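Structure file input_19.pdb (PDB, C-alpha atoms and all ligand atoms) follows.
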```pdb
ATOM      1  CA  MET A   1       6.859  17.979  17.969  1.00  0.00           C
ATOM      2  CA  GLY A   2       9.496  15.504  19.011  1.00  0.00           C
ATOM      3  CA  PHE A   3      12.467  17.616  18.049  1.00  0.00           C
ATOM      4  CA  ALA A   4      11.910  20.331  20.695  1.00  0.00           C
ATOM      5  CA  GLU A   5      11.809  17.750  23.501  1.00  0.00           C
ATOM      6  CA  GLN A   6      14.733  15.779  22.118  1.00  0.00           C
ATOM      7  CA  LEU A   7      16.914  18.860  21.750  1.00  0.00           C
ATOM      8  CA  LYS A   8      16.258  19.904  25.358  1.00  0.00           C
ATOM      9  CA  THR A   9      16.962  16.387  26.618  1.00  0.00           C
ATOM     10  CA  LEU A  10      20.146  15.945  24.587  1.00  0.00           C
ATOM     11  CA  ARG A  11      21.448  19.406  25.537  1.00  0.00           C
ATOM     12  CA  ALA A  12      20.785  18.693  29.221  1.00  0.00           C
ATOM     13  CA  GLY A  13      22.549  15.334  28.799  1.00  0.00           C
ATOM     14  CA  LYS A  14      25.659  17.181  27.667  1.00  0.00           C
ATOM     15  CA  ASN A  15      25.358  19.765  30.468  1.00  0.00           C
ATOM     16  CA  LEU A  16      25.263  22.613  27.964  1.00  0.00           C
ATOM     17  CA  GLN A  17      23.435  25.930  28.379  1.00  0.00           C
ATOM     18  CA  GLN A  18      21.545  27.155  25.291  1.00  0.00           C
ATOM     19  CA  GLY A  19      24.315  29.689  24.609  1.00  0.00           C
ATOM     20  CA  ALA A  20      27.022  27.041  24.789  1.00  0.00           C
ATOM     21  CA  LEU A  21      25.187  24.741  22.381  1.00  0.00           C
ATOM     22  CA  ALA A  22      24.543  27.703  20.062  1.00  0.00           C
ATOM     23  CA  ALA A  23      28.259  28.449  19.974  1.00  0.00           C
ATOM     24  CA  GLN A  24      29.143  24.803  19.333  1.00  0.00           C
ATOM     25  CA  VAL A  25      26.818  24.452  16.354  1.00  0.00           C
ATOM     26  CA  GLY A  26      27.267  27.987  15.041  1.00  0.00           C
ATOM     27  CA  LEU A  27      23.701  29.250  15.494  1.00  0.00           C
ATOM     28  CA  PRO A  28      22.310  32.251  17.411  1.00  0.00           C
ATOM     29  CA  GLU A  29      21.151  31.399  20.928  1.00  0.00           C
ATOM     30  CA  SER A  30      17.693  32.764  20.040  1.00  0.00           C
ATOM     31  CA  VAL A  31      17.335  30.078  17.348  1.00  0.00           C
ATOM     32  CA  ILE A  32      18.159  27.288  19.813  1.00  0.00           C
ATOM     33  CA  ASP A  33      15.596  28.778  22.182  1.00  0.00           C
ATOM     34  CA  ALA A  34      12.952  28.922  19.437  1.00  0.00           C
ATOM     35  CA  TYR A  35      13.638  25.280  18.506  1.00  0.00           C
ATOM     36  CA  GLU A  36      13.283  24.156  22.106  1.00  0.00           C
ATOM     37  CA  ARG A  37      10.024  26.069  22.499  1.00  0.00           C
ATOM     38  CA  GLY A  38       8.715  24.449  19.336  1.00  0.00           C
ATOM     39  CA  LEU A  39       8.307  27.872  17.697  1.00  0.00           C
ATOM     40  CA  ARG A  40      10.529  26.985  14.753  1.00  0.00           C
ATOM     41  CA  GLU A  41      11.480  23.783  12.963  1.00  0.00           C
ATOM     42  CA  PRO A  42      15.018  23.274  11.723  1.00  0.00           C
ATOM     43  CA  PRO A  43      15.853  22.710   8.048  1.00  0.00           C
ATOM     44  CA  LEU A  44      17.173  19.253   7.218  1.00  0.00           C
ATOM     45  CA  ALA A  45      20.787  20.407   7.020  1.00  0.00           C
ATOM     46  CA  GLN A  46      20.606  21.609  10.623  1.00  0.00           C
ATOM     47  CA  LEU A  47      18.914  18.392  11.737  1.00  0.00           C
ATOM     48  CA  VAL A  48      21.840  16.488  10.269  1.00  0.00           C
ATOM     49  CA  GLN A  49      24.224  18.843  12.061  1.00  0.00           C
ATOM     50  CA  PHE A  50      22.475  18.334  15.420  1.00  0.00           C
ATOM     51  CA  ALA A  51      22.336  14.571  14.892  1.00  0.00           C
ATOM     52  CA  ASP A  52      26.063  14.581  14.191  1.00  0.00           C
ATOM     53  CA  PHE A  53      26.804  16.739  17.218  1.00  0.00           C
ATOM     54  CA  PHE A  54      24.803  14.541  19.609  1.00  0.00           C
ATOM     55  CA  SER A  55      25.840  11.246  17.918  1.00  0.00           C
ATOM     56  CA  VAL A  56      22.249  10.188  17.246  1.00  0.00           C
ATOM     57  CA  THR A  57      20.343   9.496  14.048  1.00  0.00           C
ATOM     58  CA  VAL A  58      18.132  12.162  12.466  1.00  0.00           C
ATOM     59  CA  ASP A  59      15.283   9.723  12.968  1.00  0.00           C
ATOM     60  CA  ALA A  60      15.902   9.610  16.725  1.00  0.00           C
ATOM     61  CA  LEU A  61      16.155  13.388  16.815  1.00  0.00           C
ATOM     62  CA  VAL A  62      12.675  14.000  15.404  1.00  0.00           C
ATOM     63  CA  ARG A  63      10.926  11.052  17.009  1.00  0.00           C
ATOM     64  CA  ALA A  64       8.645  12.092  19.849  1.00  0.00           C
ATOM     65  CA  PRO A  65       9.589  10.497  23.185  1.00  0.00           C
ATOM     66  CA  GLY A  66       7.566   7.345  23.632  1.00  0.00           C
ATOM     67  CA  ALA A  67       6.558   7.303  19.943  1.00  0.00           C
ATOM     68  CA  PRO A  68       6.094   3.836  18.471  1.00  0.00           C
ATOM     69  CA  ARG A  69       9.207   2.242  17.037  1.00  0.00           C
ATOM     70  CA  ARG A  70       8.112   1.265  13.572  1.00  0.00           C
ATOM     71  CA  ALA A  71       9.256   0.956   9.976  1.00  0.00           C
ATOM     72  CA  GLU A  72       7.716   0.293   6.590  1.00  0.00           C
ATOM     73  CA  LEU A  73       9.787  -1.117   3.770  1.00  0.00           C
ATOM     74  CA  CYS A  74       9.261  -2.530   0.316  1.00  0.00           C
ATOM     75  CA  ARG A  75      11.811  -4.392  -1.798  1.00  0.00           C
ATOM     76  CA  ALA A  76      11.239  -5.689  -5.292  1.00  0.00           C
ATOM     77  CA  THR A  77      13.597  -7.758  -7.434  1.00  0.00           C
ATOM     78  CA  LYS A  78      13.093 -10.032 -10.435  1.00  0.00           C
ATOM     79  CA  GLU A  79      12.606 -12.903  -7.970  1.00  0.00           C
ATOM     80  CA  THR A  80      10.460 -11.449  -5.199  1.00  0.00           C
ATOM     81  CA  GLU A  81       8.454  -8.492  -3.956  1.00  0.00           C
ATOM     82  CA  VAL A  82       8.335  -8.084  -0.192  1.00  0.00           C
ATOM     83  CA  ARG A  83       6.354  -5.490   1.774  1.00  0.00           C
ATOM     84  CA  VAL A  84       6.847  -5.118   5.506  1.00  0.00           C
ATOM     85  CA  SER A  85       5.257  -2.906   8.116  1.00  0.00           C
ATOM     86  CA  LEU A  86       6.805  -3.607  11.509  1.00  0.00           C
ATOM     87  CA  THR A  87       5.981  -2.076  14.878  1.00  0.00           C
ATOM     88  CA  LEU A  88       7.873  -3.060  18.017  1.00  0.00           C
ATOM     89  CA  GLY A  89       4.846  -3.479  20.234  1.00  0.00           C
ATOM     90  CA  ARG A  90       1.927  -5.867  20.629  1.00  0.00           C
ATOM     91  CA  GLY A  91      -0.722  -5.809  17.904  1.00  0.00           C
ATOM     92  CA  GLU A  92      -2.509  -7.829  15.252  1.00  0.00           C
ATOM     93  CA  SER A  93      -0.117  -9.371  12.730  1.00  0.00           C
ATOM     94  CA  SER A  94      -1.020 -10.451   9.231  1.00  0.00           C
ATOM     95  CA  ILE A  95       1.473 -12.466   7.217  1.00  0.00           C
ATOM     96  CA  ASP A  96       1.195 -13.924   3.735  1.00  0.00           C
ATOM     97  CA  THR A  97       4.273 -15.252   1.966  1.00  0.00           C
ATOM     98  CA  GLY A  98       2.577 -17.955  -0.080  1.00  0.00           C
ATOM     99  CA  ILE A  99       4.360 -20.582   2.079  1.00  0.00           C
ATOM    100  CA  GLY A 100       1.953 -21.684   4.794  1.00  0.00           C
ATOM    101  CA  PHE A 101       4.493 -23.096   7.233  1.00  0.00           C
ATOM    102  CA  PHE A 102       6.707 -19.988   6.924  1.00  0.00           C
ATOM    103  CA  ASP A 103       3.671 -17.779   7.680  1.00  0.00           C
ATOM    104  CA  HIS A 104       3.086 -19.937  10.770  1.00  0.00           C
ATOM    105  CA  MET A 105       6.710 -19.381  11.886  1.00  0.00           C
ATOM    106  CA  LEU A 106       6.703 -15.598  11.308  1.00  0.00           C
ATOM    107  CA  THR A 107       3.396 -15.325  13.147  1.00  0.00           C
ATOM    108  CA  ALA A 108       4.893 -17.176  16.123  1.00  0.00           C
ATOM    109  CA  MET A 109       8.022 -15.008  16.068  1.00  0.00           C
ATOM    110  CA  ALA A 110       5.968 -11.780  15.941  1.00  0.00           C
ATOM    111  CA  PHE A 111       3.580 -12.918  18.671  1.00  0.00           C
ATOM    112  CA  TRP A 112       6.278 -13.953  21.143  1.00  0.00           C
ATOM    113  CA  GLY A 113       8.384 -10.966  20.140  1.00  0.00           C
ATOM    114  CA  ASN A 114       5.627  -8.462  21.002  1.00  0.00           C
ATOM    115  CA  MET A 115       5.791  -7.239  17.408  1.00  0.00           C
ATOM    116  CA  THR A 116       3.033  -6.163  15.085  1.00  0.00           C
ATOM    117  CA  LEU A 117       3.983  -7.436  11.662  1.00  0.00           C
ATOM    118  CA  GLN A 118       2.179  -6.863   8.399  1.00  0.00           C
ATOM    119  CA  LEU A 119       4.067  -8.750   5.715  1.00  0.00           C
ATOM    120  CA  THR A 120       3.289  -9.840   2.197  1.00  0.00           C
ATOM    121  CA  ALA A 121       5.725 -11.589  -0.110  1.00  0.00           C
ATOM    122  CA  ARG A 122       5.220 -12.646  -3.700  1.00  0.00           C
ATOM    123  CA  GLY A 123       8.098 -14.791  -4.859  1.00  0.00           C
ATOM    124  CA  ASP A 124       9.075 -17.281  -7.521  1.00  0.00           C
ATOM    125  CA  LEU A 125       7.626 -20.257  -5.669  1.00  0.00           C
ATOM    126  CA  GLN A 126       7.500 -22.138  -8.966  1.00  0.00           C
ATOM    127  CA  VAL A 127      11.295 -22.405  -8.487  1.00  0.00           C
ATOM    128  CA  ASP A 128      11.155 -23.143  -4.764  1.00  0.00           C
ATOM    129  CA  GLY A 129      10.831 -21.221  -1.498  1.00  0.00           C
ATOM    130  CA  HIS A 130      14.467 -20.164  -1.254  1.00  0.00           C
ATOM    131  CA  HIS A 131      14.298 -16.649  -2.749  1.00  0.00           C
ATOM    132  CA  THR A 132      11.097 -15.806  -0.930  1.00  0.00           C
ATOM    133  CA  VAL A 133      12.326 -16.927   2.496  1.00  0.00           C
ATOM    134  CA  GLU A 134      15.729 -15.295   2.143  1.00  0.00           C
ATOM    135  CA  ASP A 135      14.298 -12.007   0.850  1.00  0.00           C
ATOM    136  CA  VAL A 136      11.752 -11.863   3.660  1.00  0.00           C
ATOM    137  CA  GLY A 137      14.730 -12.189   6.023  1.00  0.00           C
ATOM    138  CA  ILE A 138      16.501  -9.304   4.285  1.00  0.00           C
ATOM    139  CA  VAL A 139      13.536  -6.922   4.407  1.00  0.00           C
ATOM    140  CA  LEU A 140      12.449  -7.912   7.909  1.00  0.00           C
ATOM    141  CA  GLY A 141      16.016  -7.427   9.151  1.00  0.00           C
ATOM    142  CA  ARG A 142      16.218  -3.973   7.590  1.00  0.00           C
ATOM    143  CA  ALA A 143      12.816  -3.044   9.004  1.00  0.00           C
ATOM    144  CA  PHE A 144      13.899  -4.220  12.448  1.00  0.00           C
ATOM    145  CA  ALA A 145      17.031  -2.063  12.330  1.00  0.00           C
ATOM    146  CA  ALA A 146      15.067   0.935  11.040  1.00  0.00           C
ATOM    147  CA  ALA A 147      12.406   0.579  13.737  1.00  0.00           C
ATOM    148  CA  LEU A 148      15.114   0.514  16.413  1.00  0.00           C
ATOM    149  CA  GLY A 149      16.794   3.708  15.175  1.00  0.00           C
ATOM    150  CA  ASP A 150      19.887   4.457  17.258  1.00  0.00           C
ATOM    151  CA  LYS A 151      18.896   1.739  19.777  1.00  0.00           C
ATOM    152  CA  ARG A 152      18.975   4.235  22.627  1.00  0.00           C
ATOM    153  CA  GLY A 153      18.113   2.665  25.966  1.00  0.00           C
ATOM    154  CA  ILE A 154      17.562  -0.927  24.801  1.00  0.00           C
ATOM    155  CA  ALA A 155      18.601  -3.885  26.953  1.00  0.00           C
ATOM    156  CA  ARG A 156      20.586  -5.151  23.953  1.00  0.00           C
ATOM    157  CA  PHE A 157      21.483  -8.650  25.272  1.00  0.00           C
ATOM    158  CA  ALA A 158      18.792 -11.258  25.859  1.00  0.00           C
ATOM    159  CA  SER A 159      18.265 -14.990  25.758  1.00  0.00           C
ATOM    160  CA  SER A 160      15.458 -17.510  25.897  1.00  0.00           C
ATOM    161  CA  VAL A 161      14.836 -21.241  26.181  1.00  0.00           C
ATOM    162  CA  VAL A 162      11.714 -22.716  24.597  1.00  0.00           C
ATOM    163  CA  PRO A 163      10.471 -26.301  24.877  1.00  0.00           C
ATOM    164  CA  MET A 164       8.070 -27.593  22.257  1.00  0.00           C
ATOM    165  CA  ASP A 165       6.931 -31.110  23.023  1.00  0.00           C
ATOM    166  CA  GLU A 166      10.043 -33.330  22.701  1.00  0.00           C
ATOM    167  CA  SER A 167      12.315 -30.507  21.441  1.00  0.00           C
ATOM    168  CA  LEU A 168      14.232 -27.813  23.294  1.00  0.00           C
ATOM    169  CA  CYS A 169      15.509 -24.656  21.573  1.00  0.00           C
ATOM    170  CA  ARG A 170      17.456 -21.696  22.836  1.00  0.00           C
ATOM    171  CA  CYS A 171      18.401 -18.288  21.497  1.00  0.00           C
ATOM    172  CA  ALA A 172      20.915 -15.656  22.565  1.00  0.00           C
ATOM    173  CA  VAL A 173      20.968 -12.274  20.890  1.00  0.00           C
ATOM    174  CA  ASP A 174      23.068  -9.123  20.989  1.00  0.00           C
ATOM    175  CA  VAL A 175      21.383  -6.261  19.138  1.00  0.00           C
ATOM    176  CA  SER A 176      24.764  -4.752  18.668  1.00  0.00           C
ATOM    177  CA  GLY A 177      25.264  -3.645  15.096  1.00  0.00           C
ATOM    178  CA  ARG A 178      27.619  -6.642  14.682  1.00  0.00           C
ATOM    179  CA  PRO A 179      25.982  -9.100  12.287  1.00  0.00           C
ATOM    180  CA  PHE A 180      26.704 -12.758  12.988  1.00  0.00           C
ATOM    181  CA  LEU A 181      24.724 -15.987  12.923  1.00  0.00           C
ATOM    182  CA  VAL A 182      25.432 -19.276  14.625  1.00  0.00           C
ATOM    183  CA  LEU A 183      22.752 -21.911  14.084  1.00  0.00           C
ATOM    184  CA  ASP A 184      23.199 -25.379  15.512  1.00  0.00           C
ATOM    185  CA  ALA A 185      20.014 -27.318  14.849  1.00  0.00           C
ATOM    186  CA  ALA A 186      19.801 -30.687  13.158  1.00  0.00           C
ATOM    187  CA  MET A 187      16.541 -31.199  11.217  1.00  0.00           C
ATOM    188  CA  PRO A 188      15.391 -34.820  11.298  1.00  0.00           C
ATOM    189  CA  GLN A 189      12.997 -34.229   8.339  1.00  0.00           C
ATOM    190  CA  ALA A 190      14.026 -32.360   5.190  1.00  0.00           C
ATOM    191  CA  VAL A 191      10.568 -30.953   4.447  1.00  0.00           C
ATOM    192  CA  ILE A 192       7.811 -29.487   6.666  1.00  0.00           C
ATOM    193  CA  GLY A 193       4.622 -29.051   4.681  1.00  0.00           C
ATOM    194  CA  GLY A 194       5.876 -27.305   1.528  1.00  0.00           C
ATOM    195  CA  TYR A 195       8.802 -25.744   3.407  1.00  0.00           C
ATOM    196  CA  ASP A 196      12.359 -27.053   3.117  1.00  0.00           C
ATOM    197  CA  SER A 197      13.838 -27.352   6.628  1.00  0.00           C
ATOM    198  CA  CYS A 198      17.145 -25.910   5.415  1.00  0.00           C
ATOM    199  CA  LEU A 199      15.432 -22.569   4.628  1.00  0.00           C
ATOM    200  CA  THR A 200      15.384 -21.635   8.313  1.00  0.00           C
ATOM    201  CA  GLN A 201      19.117 -21.043   8.131  1.00  0.00           C
ATOM    202  CA  GLU A 202      18.680 -18.860   5.025  1.00  0.00           C
ATOM    203  CA  PHE A 203      16.055 -16.734   6.787  1.00  0.00           C
ATOM    204  CA  LEU A 204      18.065 -16.375   9.996  1.00  0.00           C
ATOM    205  CA  ARG A 205      21.277 -15.450   8.184  1.00  0.00           C
ATOM    206  CA  ALA A 206      19.555 -12.798   6.080  1.00  0.00           C
ATOM    207  CA  PHE A 207      17.720 -11.444   9.128  1.00  0.00           C
ATOM    208  CA  ALA A 208      20.825 -11.255  11.355  1.00  0.00           C
ATOM    209  CA  MET A 209      22.976  -9.666   8.611  1.00  0.00           C
ATOM    210  CA  ASN A 210      20.406  -7.011   7.729  1.00  0.00           C
ATOM    211  CA  ALA A 211      19.248  -6.271  11.269  1.00  0.00           C
ATOM    212  CA  GLY A 212      22.879  -5.988  12.362  1.00  0.00           C
ATOM    213  CA  MET A 213      22.676  -8.383  15.277  1.00  0.00           C
ATOM    214  CA  THR A 214      24.645 -11.258  16.687  1.00  0.00           C
ATOM    215  CA  LEU A 215      22.303 -14.212  16.778  1.00  0.00           C
ATOM    216  CA  HIS A 216      22.945 -17.660  18.227  1.00  0.00           C
ATOM    217  CA  LEU A 217      20.285 -20.356  17.997  1.00  0.00           C
ATOM    218  CA  ARG A 218      20.483 -23.949  19.047  1.00  0.00           C
ATOM    219  CA  ALA A 219      18.252 -26.975  19.233  1.00  0.00           C
ATOM    220  CA  ASP A 220      19.513 -29.054  22.157  1.00  0.00           C
ATOM    221  CA  TYR A 221      17.395 -32.009  21.075  1.00  0.00           C
ATOM    222  CA  GLY A 222      14.194 -32.904  19.239  1.00  0.00           C
ATOM    223  CA  GLU A 223      12.807 -35.426  16.787  1.00  0.00           C
ATOM    224  CA  ASN A 224      10.245 -33.445  14.817  1.00  0.00           C
ATOM    225  CA  ALA A 225      11.424 -30.723  12.445  1.00  0.00           C
ATOM    226  CA  HIS A 226       8.136 -28.818  12.791  1.00  0.00           C
ATOM    227  CA  HIS A 227       8.589 -28.651  16.578  1.00  0.00           C
ATOM    228  CA  ILE A 228      12.283 -27.768  16.349  1.00  0.00           C
ATOM    229  CA  THR A 229      11.743 -25.025  13.773  1.00  0.00           C
ATOM    230  CA  GLU A 230       8.810 -23.564  15.682  1.00  0.00           C
ATOM    231  CA  GLY A 231      10.856 -23.630  18.893  1.00  0.00           C
ATOM    232  CA  LEU A 232      13.646 -21.716  17.141  1.00  0.00           C
ATOM    233  CA  PHE A 233      11.303 -18.996  15.851  1.00  0.00           C
ATOM    234  CA  LYS A 234       9.565 -18.656  19.225  1.00  0.00           C
ATOM    235  CA  ALA A 235      12.908 -18.490  21.028  1.00  0.00           C
ATOM    236  CA  LEU A 236      14.057 -15.804  18.588  1.00  0.00           C
ATOM    237  CA  GLY A 237      10.887 -13.787  19.187  1.00  0.00           C
ATOM    238  CA  MET A 238      11.184 -14.009  22.968  1.00  0.00           C
ATOM    239  CA  ALA A 239      14.862 -13.023  22.977  1.00  0.00           C
ATOM    240  CA  LEU A 240      14.197 -10.064  20.645  1.00  0.00           C
ATOM    241  CA  ARG A 241      11.286  -8.926  22.808  1.00  0.00           C
ATOM    242  CA  ASP A 242      13.606  -8.666  25.808  1.00  0.00           C
ATOM    243  CA  ALA A 243      16.600  -7.285  23.888  1.00  0.00           C
ATOM    244  CA  VAL A 244      14.710  -4.278  22.496  1.00  0.00           C
ATOM    245  CA  THR A 245      12.988  -3.408  25.770  1.00  0.00           C
ATOM    246  CA  VAL A 246      13.920   0.129  26.751  1.00  0.00           C
ATOM    247  CA  VAL A 247      15.664  -0.017  30.113  1.00  0.00           C
ATOM    248  CA  SER A 248      17.552   3.288  30.241  1.00  0.00           C
ATOM    249  CA  ASP A 249      18.053   6.507  28.296  1.00  0.00           C
ATOM    250  CA  ALA A 250      21.602   5.667  27.268  1.00  0.00           C
ATOM    251  CA  VAL A 251      23.227   3.973  24.297  1.00  0.00           C
ATOM    252  CA  VAL A 252      24.537   0.828  25.995  1.00  0.00           C
ATOM    253  CA  SER A 253      28.000   0.386  24.595  1.00  0.00           C
ATOM    254  CA  THR A 254      31.421   1.085  26.042  1.00  0.00           C
ATOM    255  CA  LYS A 255      32.318   2.660  22.699  1.00  0.00           C
ATOM    256  CA  GLY A 256      29.297   4.967  22.801  1.00  0.00           C
ATOM    257  CA  ALA A 257      27.495   3.811  19.682  1.00  0.00           C
ATOM    258  CA  LEU A 258      25.784   0.640  18.465  1.00  0.00           C
ATOM    259  CA  GLU A 259      26.657   0.486  14.777  1.00  0.00           C
TER     260      GLU A 259
HETATM  261 MN    MN B   1       3.101 -25.489  14.730  1.00  0.00          MN
END
```

Can you dump the structure from the file as structure tokens?
Ligand SMILES: [Mn+2]
Amino acid sequence: MGFAEQLKTLRAGKNLQQGALAAQVGLPESVIDAYERGLREPPLAQLVQFADFFSVTVDALVRAPGAPRRAELCRATKETEVRVSLTLGRGESSIDTGIGFFDHMLTAMAFWGNMTLQLTARGDLQVDGHHTVEDVGIVLGRAFAAALGDKRGIARFASSVVPMDESLCRCAVDVSGRPFLVLDAAMPQAVIGGYDSCLTQEFLRAFAMNAGMTLHLRADYGENAHHITEGLFKALGMALRDAVTVVSDAVVSTKGALE
């Protein structure tokens, strides 16, 4: 299982012998040895204790090295019900929000982000698309954060520039644990299909806040709101793809944690 490997790796990272770790966490050395051989599995309370000691999440502690980074979430309110299954890695996506243009945007984001996204949303579209789009942003953001776990080894910063016909869009992201959105993109048309152009900001804000990332997006120029919006979603996908790429085995922060 993942825990045996992770415990060995984390202990080696701290330059501790089994006996020294045993003393630090108040367990017999033989128990540490049995955990590392995979002969015993720790109770949850001890997992929490180890996670605390090594400053990692419980999730990271039991995840097998190289295991897919994925999350499944469901959120239901009186306005919407959103189900998300997200894997950080290339695969077949299937997206149905009831808003065709929004499905088109999420598909583009997932494709260029090397994500496999299964997403269904049922919202109060008889009102308008606002609740549905915003709530998809909330759940997708939470799923993204959950799939990343403690963010160990990720590149963290990334940026992209995407032309789409007459428009040019750019994105810079810091998957930092510090939620912030800056969006600077004028929309020449108020509506794209059945989608209000202003909803892009609602989605991006909800996504950035719930994923815990600093997100800057800008349209340098463009005349067609469909092109501009699609450029923004593609640029976001491409920047996220690079930001979550594992480039080391460390948590890349001068303060030692990304939260
Ligand atoms: Mn298009």

How would you write, as a CSV table (one decimal) with C-alpha atoms, keeping the file's coordinate frame, the residues chosen by the PyMOL selection byres (((not hetatm)) within 12 of (chain B and resi 1)) on this structure?
```
chain,number,residue,atom,x,y,z
A,100,GLY,CA,2.0,-21.7,4.8
A,101,PHE,CA,4.5,-23.1,7.2
A,102,PHE,CA,6.7,-20.0,6.9
A,103,ASP,CA,3.7,-17.8,7.7
A,104,HIS,CA,3.1,-19.9,10.8
A,105,MET,CA,6.7,-19.4,11.9
A,106,LEU,CA,6.7,-15.6,11.3
A,107,THR,CA,3.4,-15.3,13.1
A,108,ALA,CA,4.9,-17.2,16.1
A,109,MET,CA,8.0,-15.0,16.1
A,164,MET,CA,8.1,-27.6,22.3
A,165,ASP,CA,6.9,-31.1,23.0
A,192,ILE,CA,7.8,-29.5,6.7
A,193,GLY,CA,4.6,-29.1,4.7
A,224,ASN,CA,10.2,-33.4,14.8
A,225,ALA,CA,11.4,-30.7,12.4
A,226,HIS,CA,8.1,-28.8,12.8
A,227,HIS,CA,8.6,-28.7,16.6
A,228,ILE,CA,12.3,-27.8,16.3
A,229,THR,CA,11.7,-25.0,13.8
A,230,GLU,CA,8.8,-23.6,15.7
A,231,GLY,CA,10.9,-23.6,18.9
A,232,LEU,CA,13.6,-21.7,17.1
A,233,PHE,CA,11.3,-19.0,15.9
A,234,LYS,CA,9.6,-18.7,19.2
```

**Study point:** Computed interatomic separation between CA of Ala51 in chain A and CA of Arg37 in chain A (Å)
**Key:**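 Between CA of Ala51 in chain A and CA of Arg37 in chain A the gap is 18.5 Å.
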
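Distances here use all atoms listed in the file; by that measure, the residue among A:Leu236, A:Leu86, A:Ala67, A:Val58 closest to Ala172 in chain A is A:Leu236.
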
Review point. What is the CA of Leu215 in chain A-CA of Ala155 in chain A distance in Å, reported with one decimal?
Key: 15.0 Å

Check your understanding: Distance CA of Asp124 in chain A-CA of Ile99 in chain A, one decimal place?
Key -> 11.2 Å

Check your understanding: Which neighbours of Ala211 in chain A fall inside 12 Å, counting all atoms listed in the file, when residues of the same chain fewer than 6 positions from it are skipped, and could you give them as a PyMOL selection string?
Key -> chain A and resi 137-149+151+173-181+203-205+240+258-259

**Study point:** Residues matched by the PyMOL selection byres (((chain A and resi 114) around 6) and not hetatm), written as number ranges by chain
**Key:** A: 89-90, 111-113, 115, 241

Exercise for review: List, as a PyMOL selection string, every residue that the PyMOL selection byres (((chain A and resi 61-64) around 9) and not hetatm) selects in the file provided.
Suggested key: chain A and resi 1-7+47+50-51+56-60+65-69

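Considering all atoms listed in the file, the residue among A:Ile154, A:Leu119, A:Ala185, A:Leu125 positioned nearest to Asp249 in chain A is A:Ile154.
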
Point to revise | Nearest to Arg70 in chain A by atom-to-atom distance, counting all atoms listed in the file, from A:Thr116, A:Ser30, A:Gln24, A:Ser160 | key: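 Of A:Thr116, A:Ser30, A:Gln24, A:Ser160, the one nearest Arg70 in chain A is A:Thr116, counting all atoms listed in the file.
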